[in-house]
Structures are given as C-alpha cells and as structure tokens.
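A.B. asks: Next up, entry13.txt (compact mmCIF, C-alpha atoms).
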```txt
# COMPACT_ATOMS: atom_id res chain seq x y z
CA MET A 69 120.47 115.55 78.54
CA ARG A 70 120.67 111.96 77.36
CA PHE A 71 122.13 108.81 78.91
CA ILE A 72 122.24 105.03 78.51
CA HIS A 73 121.40 102.64 81.31
CA THR A 74 122.79 99.12 80.96
CA ALA A 75 123.53 96.25 83.34
CA ASP A 76 124.67 92.64 83.54
CA LEU A 77 127.00 92.66 80.54
CA HIS A 78 128.82 89.54 81.85
CA ILE A 79 131.69 90.08 79.43
CA ASP A 80 133.35 86.79 78.41
CA SER A 81 130.76 84.72 80.24
CA PRO A 82 131.74 81.08 79.64
CA LEU A 83 129.32 79.11 77.48
CA ARG A 84 129.60 75.53 78.68
CA GLY A 85 128.72 72.43 76.74
CA LEU A 86 128.56 73.98 73.27
CA SER A 87 131.06 71.50 71.88
CA ARG A 88 128.46 68.72 72.11
CA TYR A 89 126.32 70.49 69.52
CA GLN A 90 127.52 69.52 66.07
CA GLY A 91 127.63 72.52 63.77
CA ALA A 92 127.19 75.08 66.56
CA PRO A 93 128.45 78.57 65.57
CA LEU A 94 130.96 78.50 68.42
CA GLU A 95 132.88 81.70 67.66
CA ARG A 96 129.72 83.79 67.25
CA LEU A 97 128.32 82.47 70.51
CA ARG A 98 131.52 82.91 72.51
CA SER A 99 132.08 86.46 71.26
CA ALA A 100 128.45 87.57 71.68
CA THR A 101 128.93 89.51 74.93
CA ARG A 102 131.85 91.43 73.41
CA ARG A 103 129.98 92.26 70.21
CA ALA A 104 126.99 93.48 72.24
CA LEU A 105 129.25 95.88 74.19
CA GLU A 106 130.69 97.17 70.92
CA ARG A 107 127.14 97.85 69.71
CA LEU A 108 126.41 99.67 72.98
CA VAL A 109 129.40 101.95 72.43
CA GLU A 110 128.31 102.61 68.84
CA LEU A 111 124.83 103.56 70.04
CA ALA A 112 126.26 105.91 72.68
CA VAL A 113 128.41 107.68 70.09
CA VAL A 114 125.69 107.95 67.45
CA GLU A 115 123.10 109.20 69.94
CA LYS A 116 125.64 111.60 71.49
CA VAL A 117 124.73 110.61 75.03
CA ASP A 118 126.26 112.50 77.92
CA PHE A 119 127.05 109.43 80.02
CA VAL A 120 126.57 105.68 80.37
CA LEU A 121 125.40 103.94 83.55
CA MET A 122 126.48 100.33 84.21
CA ALA A 123 124.53 98.79 87.09
CA GLY A 124 126.75 95.86 88.02
CA ASP A 125 128.19 92.63 86.62
CA LEU A 126 130.19 94.25 83.86
CA TYR A 127 132.33 91.13 84.14
CA ASP A 128 131.04 87.61 84.64
CA ARG A 129 133.91 86.54 86.90
CA ASP A 130 137.55 87.18 87.71
CA TRP A 131 139.55 87.41 84.49
CA GLN A 132 141.37 84.30 83.37
CA ASP A 133 143.91 86.63 81.76
CA PHE A 134 144.23 90.32 80.92
CA HIS A 135 142.60 90.04 77.50
CA THR A 136 139.12 90.50 79.00
CA GLY A 137 140.09 93.70 80.81
CA LEU A 138 141.95 95.07 77.82
CA PHE A 139 138.95 94.54 75.55
CA VAL A 140 136.63 96.40 77.95
CA ASN A 141 139.21 99.14 78.42
CA ALA A 142 139.34 99.67 74.64
CA GLN A 143 135.57 100.18 74.56
CA LEU A 144 135.68 102.62 77.47
CA VAL A 145 138.42 104.57 75.69
CA ARG A 146 136.18 104.80 72.61
CA LEU A 147 133.58 106.44 74.85
CA LYS A 148 136.25 108.74 76.30
CA ASN A 149 137.27 109.86 72.83
CA ALA A 150 133.63 110.74 72.14
CA GLY A 151 133.43 112.81 75.35
CA ILE A 152 131.14 110.32 77.12
CA GLN A 153 131.49 109.62 80.83
CA VAL A 154 130.85 106.18 82.36
CA PHE A 155 129.55 105.43 85.87
CA ILE A 156 129.84 101.91 87.25
CA VAL A 157 128.78 99.99 90.33
CA GLN A 158 130.18 96.52 90.81
CA GLY A 159 127.76 93.66 91.42
CA ASN A 160 127.94 90.14 92.79
CA HIS A 161 129.83 88.72 89.79
CA ASP A 162 132.48 91.44 89.68
CA ALA A 163 132.55 92.44 93.35
CA GLN A 164 135.60 94.39 94.50
CA SER A 165 137.04 91.53 96.57
CA HIS A 166 136.42 88.96 93.83
CA MET A 167 138.50 90.58 91.08
CA THR A 168 142.19 89.77 91.52
CA ARG A 169 143.48 91.25 88.24
CA GLN A 170 143.06 94.89 87.32
CA ILE A 171 144.22 97.60 84.97
CA PRO A 172 143.75 101.35 85.51
CA TRP A 173 140.38 102.71 84.46
CA PRO A 174 140.32 105.45 81.80
CA ASP A 175 139.77 108.87 83.37
CA ASN A 176 136.23 109.14 81.95
CA VAL A 177 135.18 106.25 84.19
CA LYS A 178 133.88 106.54 87.75
CA VAL A 179 133.59 103.30 89.73
CA PHE A 180 131.66 103.87 92.93
CA SER A 181 133.19 102.88 96.24
CA SER A 182 132.48 99.49 97.79
CA ARG A 183 132.97 100.87 101.31
CA SER A 184 130.01 103.26 101.33
CA ALA A 185 127.62 105.00 98.98
CA GLU A 186 128.82 108.20 97.35
CA THR A 187 127.68 110.84 94.89
CA ALA A 188 129.09 112.01 91.56
CA HIS A 189 128.04 115.57 90.61
CA LEU A 190 127.68 116.56 86.96
CA LYS A 191 127.19 120.25 87.56
CA ALA A 192 127.04 121.28 83.92
CA LEU A 193 124.12 118.89 83.41
CA GLY A 194 122.46 119.41 86.79
CA VAL A 195 122.75 115.68 87.55
CA ALA A 196 123.68 113.84 90.75
CA ILE A 197 124.47 110.13 90.46
CA HIS A 198 124.53 108.05 93.64
CA GLY A 199 126.06 104.57 93.80
CA HIS A 200 127.52 101.84 95.99
CA SER A 201 129.54 98.90 94.63
CA PHE A 202 129.43 95.43 96.14
CA PRO A 203 132.41 94.81 98.44
CA ASN A 204 131.84 91.04 98.31
CA ARG A 205 129.86 88.56 96.24
CA GLU A 206 127.41 88.05 99.09
CA VAL A 207 125.62 91.27 100.13
CA PRO A 208 122.63 90.26 102.28
CA GLU A 209 121.91 93.75 103.63
CA ASN A 210 119.82 96.54 102.14
CA LEU A 211 122.20 99.19 100.76
CA VAL A 212 119.56 101.83 100.03
CA PRO A 213 119.37 103.40 103.54
CA GLY A 214 123.05 104.30 103.19
CA TYR A 215 122.56 106.16 99.90
CA PRO A 216 122.95 109.96 100.15
CA ALA A 217 119.95 112.27 100.24
CA ALA A 218 118.74 113.68 96.94
CA VAL A 219 120.62 116.81 95.88
CA PRO A 220 118.16 119.73 95.64
CA GLY A 221 117.80 121.22 92.18
CA CYS A 222 119.42 118.22 90.45
CA PHE A 223 118.16 115.26 88.50
CA ASN A 224 119.03 112.48 90.96
CA ILE A 225 119.91 108.98 89.77
CA GLY A 226 120.43 105.94 91.99
CA LEU A 227 122.74 103.29 90.55
CA LEU A 228 122.18 99.97 92.33
CA HIS A 229 122.72 96.24 91.86
CA THR A 230 119.88 94.54 93.70
CA SER A 231 117.34 91.74 93.68
CA LEU A 232 114.78 94.12 95.22
CA THR A 233 112.29 91.86 97.03
CA GLY A 234 113.24 88.78 95.03
CA THR A 235 112.86 87.42 91.52
CA ASP A 236 112.60 83.80 90.38
CA GLY A 237 115.88 82.48 89.05
CA HIS A 238 118.00 85.14 90.79
CA ASP A 239 119.77 84.93 94.14
CA THR A 240 118.92 87.53 96.75
CA TYR A 241 121.44 90.36 96.88
CA ALA A 242 121.15 93.80 98.46
CA PRO A 243 117.38 93.33 98.95
CA ALA A 244 115.23 96.47 98.97
CA THR A 245 111.61 97.46 98.52
CA LEU A 246 110.12 99.95 96.12
CA SER A 247 109.17 102.03 99.15
CA ASP A 248 112.85 102.15 100.13
CA LEU A 249 113.72 103.51 96.70
CA LYS A 250 110.93 106.07 96.65
CA ALA A 251 111.88 107.34 100.09
CA LYS A 252 115.18 108.65 98.71
CA GLY A 253 113.42 111.13 96.48
CA TYR A 254 115.49 110.29 93.40
CA ASP A 255 114.16 110.79 89.88
CA TYR A 256 115.56 107.59 88.32
CA TRP A 257 116.77 104.29 89.75
CA ALA A 258 119.13 102.46 87.38
CA LEU A 259 119.02 98.87 88.62
CA GLY A 260 120.90 95.71 87.70
CA HIS A 261 120.95 92.00 88.57
CA VAL A 262 117.63 90.81 87.10
CA HIS A 263 118.23 89.62 83.54
CA ALA A 264 114.69 90.12 82.25
CA ARG A 265 113.80 93.73 81.43
CA GLN A 266 111.34 95.13 83.95
CA VAL A 267 109.94 98.62 84.47
CA VAL A 268 109.22 98.49 88.19
CA CYS A 269 107.79 101.99 88.52
CA GLU A 270 107.21 105.07 86.38
CA ALA A 271 107.26 107.80 89.02
CA PRO A 272 110.06 107.74 89.88
CA ARG A 273 111.25 105.59 86.98
CA VAL A 274 112.71 102.38 88.37
CA VAL A 275 114.08 99.99 85.73
CA PHE A 276 115.93 96.73 85.29
CA PRO A 277 117.13 96.93 81.66
CA GLY A 278 117.88 93.19 81.61
CA ASN A 279 121.20 91.81 80.52
CA LEU A 280 122.82 93.19 77.40
CA GLN A 281 123.19 89.81 75.70
CA GLY A 282 121.29 86.59 76.40
CA ARG A 283 123.68 83.76 77.25
CA HIS A 284 121.53 80.62 77.03
CA ALA A 285 118.07 79.32 76.20
CA ARG A 286 116.58 80.53 79.48
CA GLU A 287 117.41 84.16 78.59
CA THR A 288 115.08 84.58 75.65
CA GLY A 289 113.91 87.52 73.59
CA PRO A 290 115.50 90.86 72.70
CA LYS A 291 118.28 92.08 75.02
CA GLY A 292 119.68 95.58 75.17
CA CYS A 293 119.71 98.85 77.10
CA GLU A 294 117.59 101.86 78.08
CA LEU A 295 118.14 105.09 76.15
CA VAL A 296 116.87 107.92 78.33
CA THR A 297 116.31 111.55 77.32
CA LEU A 298 115.47 114.42 79.65
CA GLU A 299 114.06 117.60 78.08
CA GLY A 300 113.13 120.09 80.75
CA ALA A 301 111.01 118.11 83.20
CA THR A 302 109.98 115.52 80.61
CA LEU A 303 111.68 112.14 80.73
CA THR A 304 111.33 109.72 77.83
CA ALA A 305 112.91 106.29 77.63
CA ARG A 306 113.03 103.54 75.08
CA PHE A 307 114.48 100.07 75.03
CA VAL A 308 117.12 99.52 72.34
CA PRO A 309 117.96 95.90 71.39
CA LEU A 310 121.71 95.35 71.08
CA ASP A 311 122.07 91.57 71.22
CA VAL A 312 123.85 89.75 68.41
CA VAL A 313 122.55 86.30 69.38
CA ARG A 314 118.88 86.02 70.30
CA TRP A 315 117.63 82.99 72.16
CA HIS A 316 114.18 81.52 71.60
CA GLN A 317 112.12 78.71 73.03
CA VAL A 318 109.60 77.69 70.36
CA GLU A 319 106.86 75.30 71.40
CA ILE A 320 105.10 73.48 68.56
CA ASP A 321 101.93 71.44 69.00
CA MET A 322 102.32 68.21 67.02
CA GLN A 323 98.84 66.86 67.63
CA PRO A 324 97.50 68.06 64.23
CA VAL A 325 100.57 66.62 62.47
CA LEU A 326 99.68 63.18 61.17
CA GLN A 327 102.56 62.38 58.81
CA LEU A 328 106.31 62.88 59.00
CA ASP A 329 106.11 64.80 55.71
CA ASP A 330 103.86 67.36 57.45
CA VAL A 331 106.47 68.13 60.11
CA ARG A 332 108.53 70.32 57.78
CA ARG A 333 105.70 72.73 56.93
CA THR A 334 104.59 73.03 60.56
CA VAL A 335 108.10 73.70 61.85
CA VAL A 336 109.00 76.19 59.10
CA GLN A 337 105.88 78.22 59.87
CA ALA A 338 106.65 78.25 63.60
CA LEU A 339 110.28 79.30 63.11
CA GLN A 340 109.44 82.01 60.61
CA SER A 341 106.88 83.43 63.01
CA ALA A 342 109.45 83.48 65.83
CA VAL A 343 112.07 85.41 63.85
CA ALA A 344 109.76 87.88 62.12
CA ASP A 345 111.00 91.51 62.27
CA ALA A 346 113.91 90.56 64.52
CA GLY A 347 116.75 92.23 62.62
CA GLU A 348 120.16 90.86 61.73
CA VAL A 349 120.97 88.57 64.63
CA LEU A 350 121.75 84.89 65.00
CA HIS A 351 118.59 83.17 66.23
CA ALA A 352 119.44 80.34 68.63
CA MET A 353 116.36 78.15 68.81
CA ARG A 354 115.33 75.60 71.39
CA VAL A 355 112.39 73.79 69.81
CA VAL A 356 109.94 71.89 72.02
CA LEU A 357 107.57 69.46 70.30
CA THR A 358 104.44 68.81 72.35
CA GLY A 359 101.08 67.12 72.08
CA GLN A 360 99.56 63.71 71.60
CA THR A 361 100.68 62.22 68.32
CA ALA A 362 101.25 58.89 66.62
CA LEU A 363 104.63 60.26 65.53
CA GLN A 364 105.89 59.41 69.00
CA ALA A 365 105.89 55.74 68.01
CA LEU A 366 108.05 56.57 64.99
CA GLU A 367 110.48 58.52 67.18
CA ALA A 368 110.62 55.67 69.68
CA SER A 369 111.46 53.13 66.99
CA GLN A 370 113.85 55.48 65.15
CA PRO A 371 115.30 57.90 67.72
CA GLY A 372 116.39 61.23 66.26
CA THR A 373 113.86 61.24 63.44
CA LEU A 374 111.95 64.29 64.66
CA GLU A 375 115.10 66.23 65.58
CA ALA A 376 116.44 65.67 62.08
CA ALA A 377 113.11 66.82 60.63
CA VAL A 378 113.33 70.03 62.67
CA GLN A 379 116.93 70.63 61.59
CA ALA A 380 115.96 70.15 57.96
CA ALA A 381 113.05 72.56 58.31
CA ALA A 382 115.36 75.21 59.84
CA GLN A 383 117.51 75.09 56.72
CA GLU A 384 114.51 76.36 54.75
CA VAL A 385 114.11 79.54 56.82
CA SER A 386 115.83 81.92 54.41
CA SER A 387 114.57 85.13 56.02
CA ALA A 388 116.84 84.83 59.08
CA ASP A 389 120.00 83.22 60.40
CA VAL A 390 118.76 80.25 62.45
CA TRP A 391 120.64 77.72 64.56
CA ILE A 392 118.74 74.91 66.30
CA GLU A 393 120.35 74.67 69.73
CA GLN A 394 118.24 71.74 70.86
CA VAL A 395 115.07 69.81 70.12
CA ARG A 396 113.09 68.58 73.09
CA LEU A 397 110.23 66.12 72.89
CA ARG A 398 107.25 66.36 75.22
CA LEU A 399 105.01 64.11 73.20
CA ARG A 400 102.22 61.91 74.49
CA SER A 401 101.25 58.55 73.11
CA PRO A 402 97.79 58.23 71.59
CA LEU A 403 97.47 54.97 73.50
CA ASP A 404 94.71 54.97 76.12
CA ARG A 405 96.65 54.92 79.42
CA GLU A 406 93.56 54.35 81.51
CA ARG A 407 92.62 51.29 79.48
CA ILE A 408 96.18 49.94 79.61
CA ALA A 409 96.26 50.51 83.38
CA GLN A 410 93.27 48.21 83.78
CA GLY A 411 95.12 45.33 82.13
CA ALA A 412 96.78 42.50 84.02
CA GLY A 413 99.93 42.37 81.90
CA ALA A 414 103.33 43.99 82.26
CA LEU A 415 102.24 47.17 80.51
CA GLY A 416 99.33 47.62 82.86
CA GLU A 417 101.68 47.12 85.80
CA LEU A 418 104.09 49.71 84.36
CA VAL A 419 101.39 52.36 83.97
CA ARG A 420 100.01 51.72 87.47
CA TRP A 421 103.51 51.96 88.95
CA VAL A 422 104.12 55.32 87.24
CA ASP A 423 100.80 56.57 88.61
CA GLU A 424 101.85 55.49 92.12
CA LEU A 425 105.13 57.38 91.80
CA SER A 426 103.24 60.44 90.58
CA GLY A 427 101.33 60.58 93.84
CA ASP A 428 104.28 59.87 96.17
CA GLY A 429 107.01 62.50 96.04
CA GLN A 430 109.35 60.63 98.40
CA SER A 431 109.20 57.39 96.42
CA LEU A 432 109.70 59.30 93.17
CA GLU A 433 112.79 61.06 94.51
CA LYS A 434 114.24 57.83 95.94
CA PHE A 435 113.75 55.94 92.68
CA CYS A 436 115.33 58.69 90.59
CA ARG A 437 118.15 59.24 93.08
CA ASP A 438 119.02 55.52 93.00
CA ALA A 439 118.86 55.51 89.20
CA LEU A 440 120.67 58.80 88.49
CA THR A 441 123.14 59.49 91.31
CA GLU A 442 125.96 57.49 89.77
CA VAL A 443 125.42 59.07 86.34
CA LEU A 444 125.22 62.63 87.67
CA GLY A 445 128.33 62.02 89.76
CA LYS A 446 130.32 61.54 86.55
CA LEU A 447 129.44 64.97 85.18
CA PRO A 448 132.30 67.50 84.80
CA ALA A 449 133.09 69.50 87.93
CA GLU A 450 131.90 72.80 86.43
CA VAL A 451 128.53 71.28 85.53
CA GLN A 452 128.12 69.89 89.05
CA ALA A 453 128.95 73.34 90.45
CA ALA A 454 126.33 74.91 88.18
CA LEU A 455 123.78 72.38 89.40
CA ALA A 456 124.61 73.20 93.03
CA HIS A 457 123.92 76.89 92.37
CA ASP A 458 120.81 76.25 90.24
CA GLN A 459 122.57 77.62 87.16
CA ALA A 460 122.67 74.48 85.03
CA ASP A 461 120.74 74.13 81.83
CA GLY A 462 117.32 72.55 82.10
CA ASP A 463 118.33 69.35 80.31
CA ILE A 464 120.26 68.19 83.39
CA PRO A 465 117.81 66.87 86.03
CA ARG A 466 117.88 68.13 89.58
CA LEU A 467 117.16 65.42 92.12
CA ASP A 468 115.21 67.88 94.29
CA ASP A 469 112.92 69.00 91.45
CA ALA A 470 109.87 66.74 91.69
CA ALA A 471 108.24 68.11 88.53
CA ALA A 472 111.36 67.49 86.44
CA LEU A 473 111.79 63.97 87.83
CA LEU A 474 108.17 63.13 87.11
CA ALA A 475 108.56 64.39 83.56
CA LEU A 476 111.56 62.07 83.11
CA VAL A 477 109.63 59.06 84.38
CA ARG A 478 106.59 59.81 82.24
CA ASP A 479 108.81 60.27 79.21
CA ALA A 480 110.43 56.90 79.86
CA GLU A 481 107.00 55.30 80.20
CA ALA A 482 105.79 56.84 76.94
CA THR A 483 108.91 55.67 75.14
CA LEU A 484 108.44 52.11 76.36
CA LEU A 485 104.81 52.05 75.33
CA ALA A 486 105.60 53.50 71.91
CA ARG A 487 108.58 51.20 71.24
CA LEU A 488 106.59 48.12 72.10
CA ASN A 489 104.04 49.26 69.52
CA VAL A 490 101.37 47.10 71.11
CA PRO A 491 97.77 47.57 69.92
CA GLU A 492 95.50 48.90 72.66
CA GLU A 493 93.38 45.76 72.67
CA LYS A 494 96.43 43.58 73.39
CA ALA A 495 97.94 46.05 75.85
CA ALA A 496 94.79 46.07 77.93
CA SER A 497 94.41 42.30 77.95
```
Show how you would write the structure in this file as structure tokens.
C.D. replies:
Amino acid sequence: MRFIHTADLHIDSPLRGLSRYQGAPLERLRSATRRALERLVELAVVEKVDFVLMAGDLYDRDWQDFHTGLFVNAQLVRLKNAGIQVFIVQGNHDAQSHMTRQIPWPDNVKVFSSRSAETAHLKALGVAIHGHSFPNREVPENLVPGYPAAVPGCFNIGLLHTSLTGTDGHDTYAPATLSDLKAKGYDYWALGHVHARQVVCEAPRVVFPGNLQGRHARETGPKGCELVTLEGATLTARFVPLDVVRWHQVEIDMQPVLQLDDVRRTVVQALQSAVADAGEVLHAMRVVLTGQTALQALEASQPGTLEAAVQAAAQEVSSADVWIEQVRLRLRSPLDRERIAQGAGALGELVRWVDELSGDGQSLEKFCRDALTEVLGKLPAEVQAALAHDQADGDIPRLDDAAALLALVRDAEATLLARLNVPEEKAAS
C-alpha cells in the first residue's frame, strides 16, 4: 500500500508586491502553486499510489472566481481517472464557513466533516483514515480528543490541521500535544499547518510535510510531499521535492572583499553553491551582504552599486535559473565607532545618541514611531493588513519589533558615517 501526504498547497496564493521588482518572472511566480499541484498529481500517477492525503489549506482563501476551483477539480479528476482516492481536511485558510463559492467534488474525493471527526474505511487496503475539517478559521480547541478510536486490525491514519503546541511564525490552531496524538493509537498522523517540513515522531510516525510550494523568501529550501509505502508491518517514507520555484536566503560575508571587482567572484561562488544539485527549478534568491568592509563607503556615495554587482554576478550562473529577488545590506563601516564616540563633534554626538537608543527600548520605539508612522500609514491596505497579522515581508518594519527598529537606526548611522567619508582622526576630533 502506498500513499502521498501533502498539506498547505495554498492554491492561487496572492504574491503581493512583485511588480516593484523590475524583471521579475511574474507569470512563473504567480503560477507556482498550480504547477506544484500538477507535479504532485504526476507523482501520484507514476508511483501508482492508492490515495492522497491533503491536511488542510488546499486553498489560500475564498476564490475570487471559479477558475481556482475548476483548476483544482481538473487535477482531482486526473487522480480519479488513475483510480486514486483523495482525502481532505479543511484548515484555517479554507475553513468550511470561509469558502462562499463551491463546485461539486469528484466522487473519488472525501472531504471530512467540519461538525465532528469521522472515519473513512478502505477495507480492501485494511486502512482507516480519521479526520475533522475546520468549521471556522479560528479553532482554539484541541480536536484530537474527538477523533474516533483506532480501528482494530487496520492501519490507522489521523488527518489533522494543527499547530500542535506552537511553532514560530504560525498562529495557534487546534492545539494538541504529541501525547494526545499517541493516545489515539494510530499508526500515522498526517499533519498540516506548519510550512517547514518536520518529522515530529517516528513511532507512531507524526509528520508535517511542509507546504507544497514556497511562496516568499521566508519559506526557503525544497518543498514537496511525503511518499509513504507500507509493506507488511514495515513503513518507509521519503520526502519528494515538487516545488517549481525555490526560495533562498544567501548570506555573503563581504569583509574579505577589498575591491568592487572582487564582488563578482565572491557572489558567483556563493550562488553556485546555493543552487548545486537542486534540479530544474527557478531559484529565487534573497542575497544578504554582511560584514565590515570599506565597500560600504562606496555604496553610501553611490547607492545601488552593490545590488547591481550582485545582479551582474547572477547573470554568470549558467548552471541554474536564478532570479535575484532582493539584495539586502547589513554592512558595517570600518570606522572606529568607539573612537568617534569620544569626539566632541556632531559625529561623536550621533554615535552616542544611537548608543543611548540601543539601551532604551521605549525611546527607540517612540523615535521610530514618530519618524515612520506617517510613512507606514500610506502603505496599501493589503500590506497594512499583512503587517497586522505578522504576515508582511521582512523589509517592512514593525513598530513593535525592537530588534528590527534598532537595525534600521544602526543602518542609518552607518550610512551617514560612510557618506561623510570623514577620516577617523578628524571624526574623533
């Protein structure tokens, strides 16, 4: 017996802000979740699996029109034509009460009830699948106690969308403990909601497969599904990458780089290392340049120089399809801050003031709030909503994130020091 366990497909998840990136492969990015589902169906057919488990968030949100539902239906029909059954629980993004549009499911699909947990029996395979869909987007209670008892003599699978006891970056939904899961006596728990793959337990096997396709630079690395085979009493599982766009965050230390001409070689080596043996996918790269370097002064006097150098280096990576999503600079000036801070001039006062803010969280927040509130208030409504739910990209500052605010202030200080291009002896005088 063989099955696929997938979760968090987020079909047609909106990718905001891409239009601001000149040369971005917009169509490939926007269609990535669909292409990943097509690859999942191809895998299921080739591997001749008996069924597919989808552990919540098949959809990212209520459909804007019927095209989303029709596309998914076409993929489910492909599975039907191959004799493959599909078992689905709805999660917080596609909860029963949240979806206003619908089309009939193909008859090879079982969507578990949102009223109570229930069991689907596959007698020919000796399998019992237990599941409970989300009735609403907010499910604060533990659903596991309501799951049916394990069916004797069957391979029992629990299909559940849950945060378990909590994971950074994910809201708490249907919280449960590993002990709760073990108490049911099931053989496999097919979980969803956490977007990073995680094998929680081996006996019984408890797995978050991660989302099928990364959607932004915080969802890095290979994304795919679990392919599970049961032969007698022996269970084997392997992760199968199915993503068509793979996100990376590549950090490059610029301290050894002394000349602008040396940037190309350093960046090419870093990018080639990141994409090695990754297959035929589009590599979306967020490059972070770090370290103490005199090149910061060049960047301060000619903004965009280092980003252009990175973009040029990416064009030389012929072994893979690379797109530079963003270049971030976390560079430090080689100027001696302590020496400058001892000076009586304006630069010394600036450095001392930044140090004072660093040690006073309330003053730091007030300064940044006064400086940024008006600007942030002009952001598009959808970006403000994403900020409110902690779903915005990291390049938009949160006024309640002290570490991010401090990084902004220190970056501004470094830029001022570099642009002034004042020798240390004069700066400290």
A.B. asks: Using Å and a single decimal, report how far CA of Leu476 (chain A) sits from CA of Ala409 (chain A).
C.D. replies: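 Atom-to-atom, CA of Ala409 (chain A) and CA of Leu476 (chain A) are spaced 19.2 Å apart.
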A.B. asks: Do you know which residues are at most 7 Å from region 98-102 of chain A counting only C-alpha atoms, after dropping those on the same chain fewer than 6 positions away, and could you put them as a PDB file with C-alpha atoms, in the coordinates of the input?
C.D. replies:
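Result went into result-v2.pdb, see below:
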```
ATOM      1  CA  LEU A  77     127.000  92.660  80.540  1.00  0.00           C
ATOM      2  CA  HIS A  78     128.820  89.540  81.850  1.00  0.00           C
ATOM      3  CA  ILE A  79     131.690  90.080  79.430  1.00  0.00           C
ATOM      4  CA  ASP A  80     133.350  86.790  78.410  1.00  0.00           C
ATOM      5  CA  LEU A  83     129.320  79.110  77.480  1.00  0.00           C
ATOM      6  CA  GLN A 281     123.190  89.810  75.700  1.00  0.00           C
ATOM      7  CA  VAL A 312     123.850  89.750  68.410  1.00  0.00           C
ATOM      8  CA  VAL A 313     122.550  86.300  69.380  1.00  0.00           C
TER       9      VAL A 313
END
```
A.B. asks: Any idea what's packed within 6 Å of Tyr256 (chain A), counting only C-alpha atoms, ignoring anything in its chain fewer than 2 positions away? Could you give it as a ChimeraX atom specification?
C.D. replies: /A:225,254,272-274
A.B. asks: So, counting all atoms listed in the file, which residue among A:Asp311, A:Asp389, A:Glu287, A:Glu424 is closest to Pro93 (chain A)?
C.D. replies: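 Closest candidate: A:Asp389.
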A.B. asks: Find the residue from A:Arg400, A:Arg314, A:His284, A:Arg437 that sits nearest to Ala104 (chain A); use only C-alpha atoms when measuring.
C.D. replies: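 So, comparing all the options, the nearest one is A:Arg314.
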A.B. asks: Out of A:Arg265, A:His161, A:Arg286, A:Lys148, which residue has the shortest atom-to-atom distance to Arg129 (chain A) when counting all atoms listed in the file?
C.D. replies: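 Residue with the minimum atom-to-atom distance to Arg129 (chain A): A:His161.
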A.B. asks: Using all atoms listed in the file, can you tell me which of A:Ala376, A:Leu339, A:Met353, A:Ala439 comes closest to Trp391 (chain A)?
C.D. replies: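 Smallest distance to Trp391 (chain A) is found for A:Met353.
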A.B. asks: How many Å separate CA of Val390 (chain A) from CA of Tyr127 (chain A)?
C.D. replies: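 Interatomic distance, CA of Val390 (chain A) to CA of Tyr127 (chain A): 27.8 Å.
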A.B. asks: Mind checking which residues fall within 7 Å of Asp76 (chain A), counting all atoms listed in the file, ignoring those fewer than 6 positions away in the same chain, and posting them as a PDB file with C-alpha atoms, in the frame of the given file?
C.D. replies:
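What landed in selection.pdb:
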```pdb
ATOM      1  CA  GLY A 124     126.750  95.860  88.020  1.00  0.00           C
ATOM      2  CA  ASP A 125     128.190  92.630  86.620  1.00  0.00           C
ATOM      3  CA  LEU A 126     130.190  94.250  83.860  1.00  0.00           C
ATOM      4  CA  GLY A 260     120.900  95.710  87.700  1.00  0.00           C
ATOM      5  CA  HIS A 261     120.950  92.000  88.570  1.00  0.00           C
ATOM      6  CA  ASN A 279     121.200  91.810  80.520  1.00  0.00           C
ATOM      7  CA  LEU A 280     122.820  93.190  77.400  1.00  0.00           C
TER       8      LEU A 280
END
```
A.B. asks: Show me, as AutoDock Vina command-line options, the centre and edge lengths in Å to one decimal of the axis-aligned box that covers every listed atom of region 411-429 of chain A with 4 Å on each side.
C.D. replies:
```
--center_x 101.1 --center_y 52.4 --center_z 88.3 --size_x 19.9 --size_y 28.1 --size_z 23.7
```
A.B. asks: Anything within 8 Å of (114.7, 59.9, 92.6): list those residues as a list in words, counting only C-alpha atoms and sticking to the file's coordinates.
C.D. replies: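 Protein, DNA and RNA residues close to (114.7, 59.9, 92.6): Gln430, Ser431, Leu432, Glu433, Lys434, Phe435, Cys436, Arg437, Asp438, Ala439, Leu440, Leu467 and Leu473 of chain A.
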A.B. asks: Deliver the residues from the most recent selection as a file, using C-alpha atoms, as a PDB file, in the coordinates of the input.
C.D. replies:
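Output saved as again-v8.pdb:
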```
ATOM      1  CA  GLN A 430     109.350  60.630  98.400  1.00  0.00           C
ATOM      2  CA  SER A 431     109.200  57.390  96.420  1.00  0.00           C
ATOM      3  CA  LEU A 432     109.700  59.300  93.170  1.00  0.00           C
ATOM      4  CA  GLU A 433     112.790  61.060  94.510  1.00  0.00           C
ATOM      5  CA  LYS A 434     114.240  57.830  95.940  1.00  0.00           C
ATOM      6  CA  PHE A 435     113.750  55.940  92.680  1.00  0.00           C
ATOM      7  CA  CYS A 436     115.330  58.690  90.590  1.00  0.00           C
ATOM      8  CA  ARG A 437     118.150  59.240  93.080  1.00  0.00           C
ATOM      9  CA  ASP A 438     119.020  55.520  93.000  1.00  0.00           C
ATOM     10  CA  ALA A 439     118.860  55.510  89.200  1.00  0.00           C
ATOM     11  CA  LEU A 440     120.670  58.800  88.490  1.00  0.00           C
ATOM     12  CA  LEU A 467     117.160  65.420  92.120  1.00  0.00           C
ATOM     13  CA  LEU A 473     111.790  63.970  87.830  1.00  0.00           C
TER      14      LEU A 473
END
```
A.B. asks: If I take CA of His351 (chain A) and CA of Trp315 (chain A), how far is one from the other in Å, to one decimal?
C.D. replies: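 CA of His351 (chain A) sits 6.0 Å away from CA of Trp315 (chain A).
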A.B. asks: Identify which of the residues A:Gln394, A:Val356, A:Leu350, A:Gln340 lies closest to Met322 (chain A), counting only C-alpha atoms when measuring atom-to-atom distances.
C.D. replies: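 Result for the nearest residue to Met322 (chain A): A:Val356.
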A.B. asks: Using only C-alpha atoms - which residues lie no farther than 10 Å from the point (122.1, 95.0, 104.0) in the file's frame? Write them as a list in words.
C.D. replies: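 Residues with an atom at most 10 Å from (122.1, 95.0, 104.0): Val207, Pro208, Glu209, Asn210, Leu211, Val212, Pro213, Gly214, Tyr241, Ala242, Pro243 and Ala244 of chain A.
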A.B. asks: At a cut-off of 10 Å, using all atoms listed in the file, what residues contact Asp175 (chain A)? Leave out same-chain residues fewer than 2 positions from it and give the result as a ChimeraX atom specification.
C.D. replies: /A:144-145,148,153-154,172-173,177-178
